[in-house]
Amino acid sequence: MYSTYESVQKKVEAIFGFMMEGQEKALFNLVKSIPKNATIVEIGSLAGRSTASLGFASLGRGNVVYAVDVFESDLSHFRKELPRDYFDVFLKNMHKNGLHETVIPLRRRSEEVGASWGSAYGRKIDLLFIDGGHEYEQVRSDFDLFFPYVCPGGIVALHDIGEHWKGTWKLWNERKHLLKNVENVHSLYWGNKKT
Ligand SMILES: C[S@@+](CC[C@H](N)C(=O)[O-])C[C@H]1O[C@@H](n2cnc3c(N)ncnc32)[C@H](O)[C@@H]1O
């Protein structure tokens, strides 16, 4: 459907979000690099900017993108741009871009989804993108609950990796040995799960 990030760039970047330049493109290309009929899990979708990157790259490939988020927040840097409850904003952004049949929102806490992933979904994950709560305990929980379901060689990507984000930085340094072929664009890091 869309073979290059440039063909969807304007649509993606019209959505409010916190990705840095080049990161949406990197997510798009990661999806293109994995086999079709993939299961993609995103933890932390906000208004759907990164979700749209994953979703556009998935169109016509039989992929499913699970978008795990509570879709509400009191954080002031979200509130300037978004209502407290931004689930409708997310849904509208998926609908107007034709992504509503590819992206399945799971409006629950990520630790609940992760704890029941095996019994509720039972699907191996081909690409896991973690951008939910940035506190150490939260990102550790997200990584440790979902990582066992990532298939060998599957991709794990984390956002906001850098000394500036103490929680994600600590977790990354504790878990990066589980990944190979590690690359990054600014604070977006990813690698393949070691077999
Ligand atoms: C940094 S934002 C995600 C940004 C998004 N990836 C983008 O492209 O702009 C983090 C999101 O994680 C969600 N979140 C934080 N902790 C969560 C949890 N325990 N369960 C589900 N969602 C959570 C917040 O509601 C927020 O929407």
# chains A, B, ... in the order shown; residues from 1 in each chain; ligands from 1

$ residues_around --residues "region 83-88 of chain A" --least-positions-apart "4" --cutoff "12 Å" --atoms "only C-alpha atoms" --output "PyMOL selection string"
chain A and resi 16+45-48+67-79+92-96+105-108

$ select_by_dssp --residues "chain A" --states "strand (DSSP E)" --output "number ranges by chain"
A: 39-43, 64-68, 103-106, 125-130, 150-158, 179-185, 188-193

$ residues_around --residues "Phe146 (chain A)" --least-positions-apart "6" --cutoff "8 Å" --atoms "only C-alpha atoms" --output "compact mmCIF listing (two decimals) with C-alpha atoms, in the first residue's frame"
# COMPACT_ATOMS: atom_id res chain seq x y z
CA GLY A 114 1.21 -8.31 29.66
CA TRP A 117 -0.96 -11.96 27.00
CA LEU A 128 7.49 -4.97 20.38

$ residues_around --residues "Ala14 (chain A)" --least-positions-apart "4" --cutoff "10 Å" --atoms "only C-alpha atoms" --output "list in words"
Gln9, Lys10, Arg49 and Asn93 of chain A

$ residues_around --residues "Lys32 (chain A)" --least-positions-apart "5" --cutoff "12 Å" --atoms "only C-alpha atoms" --output "list in words"
Met1, Tyr2, Ser3, Thr4, Tyr5, Lys25, Ala26, Leu27, Asn37, Ala38, Ile40, Ser53, Leu54, Gly55, Phe56, Ala57, Ser58, Leu59, Gly60, Arg61, Gly62, Asn63, Asp126, Leu127 and Ile155 of chain A

$ write_last_selection --atoms "C-alpha atoms" --output "PDB file, in the first residue's frame"
ATOM      1  CA  MET A   1       0.000   0.000   0.000  1.00  0.00           C
ATOM      2  CA  TYR A   2       2.536   2.595   1.146  1.00  0.00           C
ATOM      3  CA  SER A   3       6.048   1.561   0.261  1.00  0.00           C
ATOM      4  CA  THR A   4       7.970   4.527   1.655  1.00  0.00           C
ATOM      5  CA  TYR A   5       7.726   6.575   4.826  1.00  0.00           C
ATOM      6  CA  LYS A  25      10.566   6.605   9.641  1.00  0.00           C
ATOM      7  CA  ALA A  26      12.667   4.100  11.565  1.00  0.00           C
ATOM      8  CA  LEU A  27       9.526   2.459  13.000  1.00  0.00           C
ATOM      9  CA  ASN A  37       1.200 -11.386   8.920  1.00  0.00           C
ATOM     10  CA  ALA A  38       3.157  -9.979  11.840  1.00  0.00           C
ATOM     11  CA  ILE A  40       3.073  -5.886  16.502  1.00  0.00           C
ATOM     12  CA  SER A  53       3.843   4.788  11.518  1.00  0.00           C
ATOM     13  CA  LEU A  54       3.503   1.154  12.517  1.00  0.00           C
ATOM     14  CA  GLY A  55       0.001   1.002  11.037  1.00  0.00           C
ATOM     15  CA  PHE A  56       0.748   2.570   7.656  1.00  0.00           C
ATOM     16  CA  ALA A  57       3.704   0.232   7.149  1.00  0.00           C
ATOM     17  CA  SER A  58       1.421  -2.683   8.040  1.00  0.00           C
ATOM     18  CA  LEU A  59      -1.334  -1.971   5.493  1.00  0.00           C
ATOM     19  CA  GLY A  60      -1.681  -4.722   2.927  1.00  0.00           C
ATOM     20  CA  ARG A  61       0.673  -7.016   4.850  1.00  0.00           C
ATOM     21  CA  GLY A  62      -1.857  -8.808   7.061  1.00  0.00           C
ATOM     22  CA  ASN A  63      -0.268  -7.414  10.205  1.00  0.00           C
ATOM     23  CA  ASP A 126       7.212 -10.055  15.924  1.00  0.00           C
ATOM     24  CA  LEU A 127       7.814  -6.422  16.886  1.00  0.00           C
ATOM     25  CA  ILE A 155      12.465  -6.869  17.106  1.00  0.00           C
TER      26      ILE A 155
END

$ atom_distance --atom1 "CA of Tyr136 (chain A)" --atom2 "CA of His177 (chain A)"
17.5 Å

$ atom_distance --atom1 "atom 27 (O, counted along the ligand's line) of ligand 1" --atom2 "CA of Ile43 (chain A)"
8.7 Å

$ residues_around --residues "Lys194 (chain A)" --least-positions-apart "5" --cutoff "6 Å" --atoms "only C-alpha atoms" --output "list in words"
Gly153, Leu178, Leu179 and Lys180 of chain A

$ write_last_selection --atoms "C-alpha atoms" --output "PDB file, in the first residue's frame"
ATOM      1  CA  GLY A 153      14.989 -12.837  16.114  1.00  0.00           C
ATOM      2  CA  LEU A 178      19.328  -9.849  25.361  1.00  0.00           C
ATOM      3  CA  LEU A 179      19.374  -8.117  21.955  1.00  0.00           C
ATOM      4  CA  LYS A 180      21.733  -8.208  18.986  1.00  0.00           C
TER       5      LYS A 180
END

$ closest_residue --among "A:Asn181, A:Ser110, A:Thr102, A:Ser187" --to "ligand 1" --atoms "only C-alpha atoms and all ligand atoms"
A:Ser110

$ closest_residue --among "A:Glu111, A:Glu6, A:Glu183, A:Glu163" --to "ligand 1" --atoms "only C-alpha atoms and all ligand atoms"
A:Glu111

$ closest_residue --among "A:Asp160, A:Asp131, A:Glu101, A:Glu13" --to "ligand 1" --atoms "only C-alpha atoms and all ligand atoms"
A:Asp131

$ closest_residue --among "A:Val41, A:Val89, A:Met19, A:Leu145" --to "ligand 1" --atoms "only C-alpha atoms and all ligand atoms"
A:Met19

$ closest_residue --among "A:His134, A:Arg109, A:Lys170, A:Lys36" --to "ligand 1" --atoms "only C-alpha atoms and all ligand atoms"
A:Arg109

$ select_by_dssp --residues "region 56-171 of chain A" --states "helix (DSSP H, G or I)" --output "PyMOL selection string"
chain A and resi 56-58+76-79+87-96+110-115+117-120+136-149+166-171
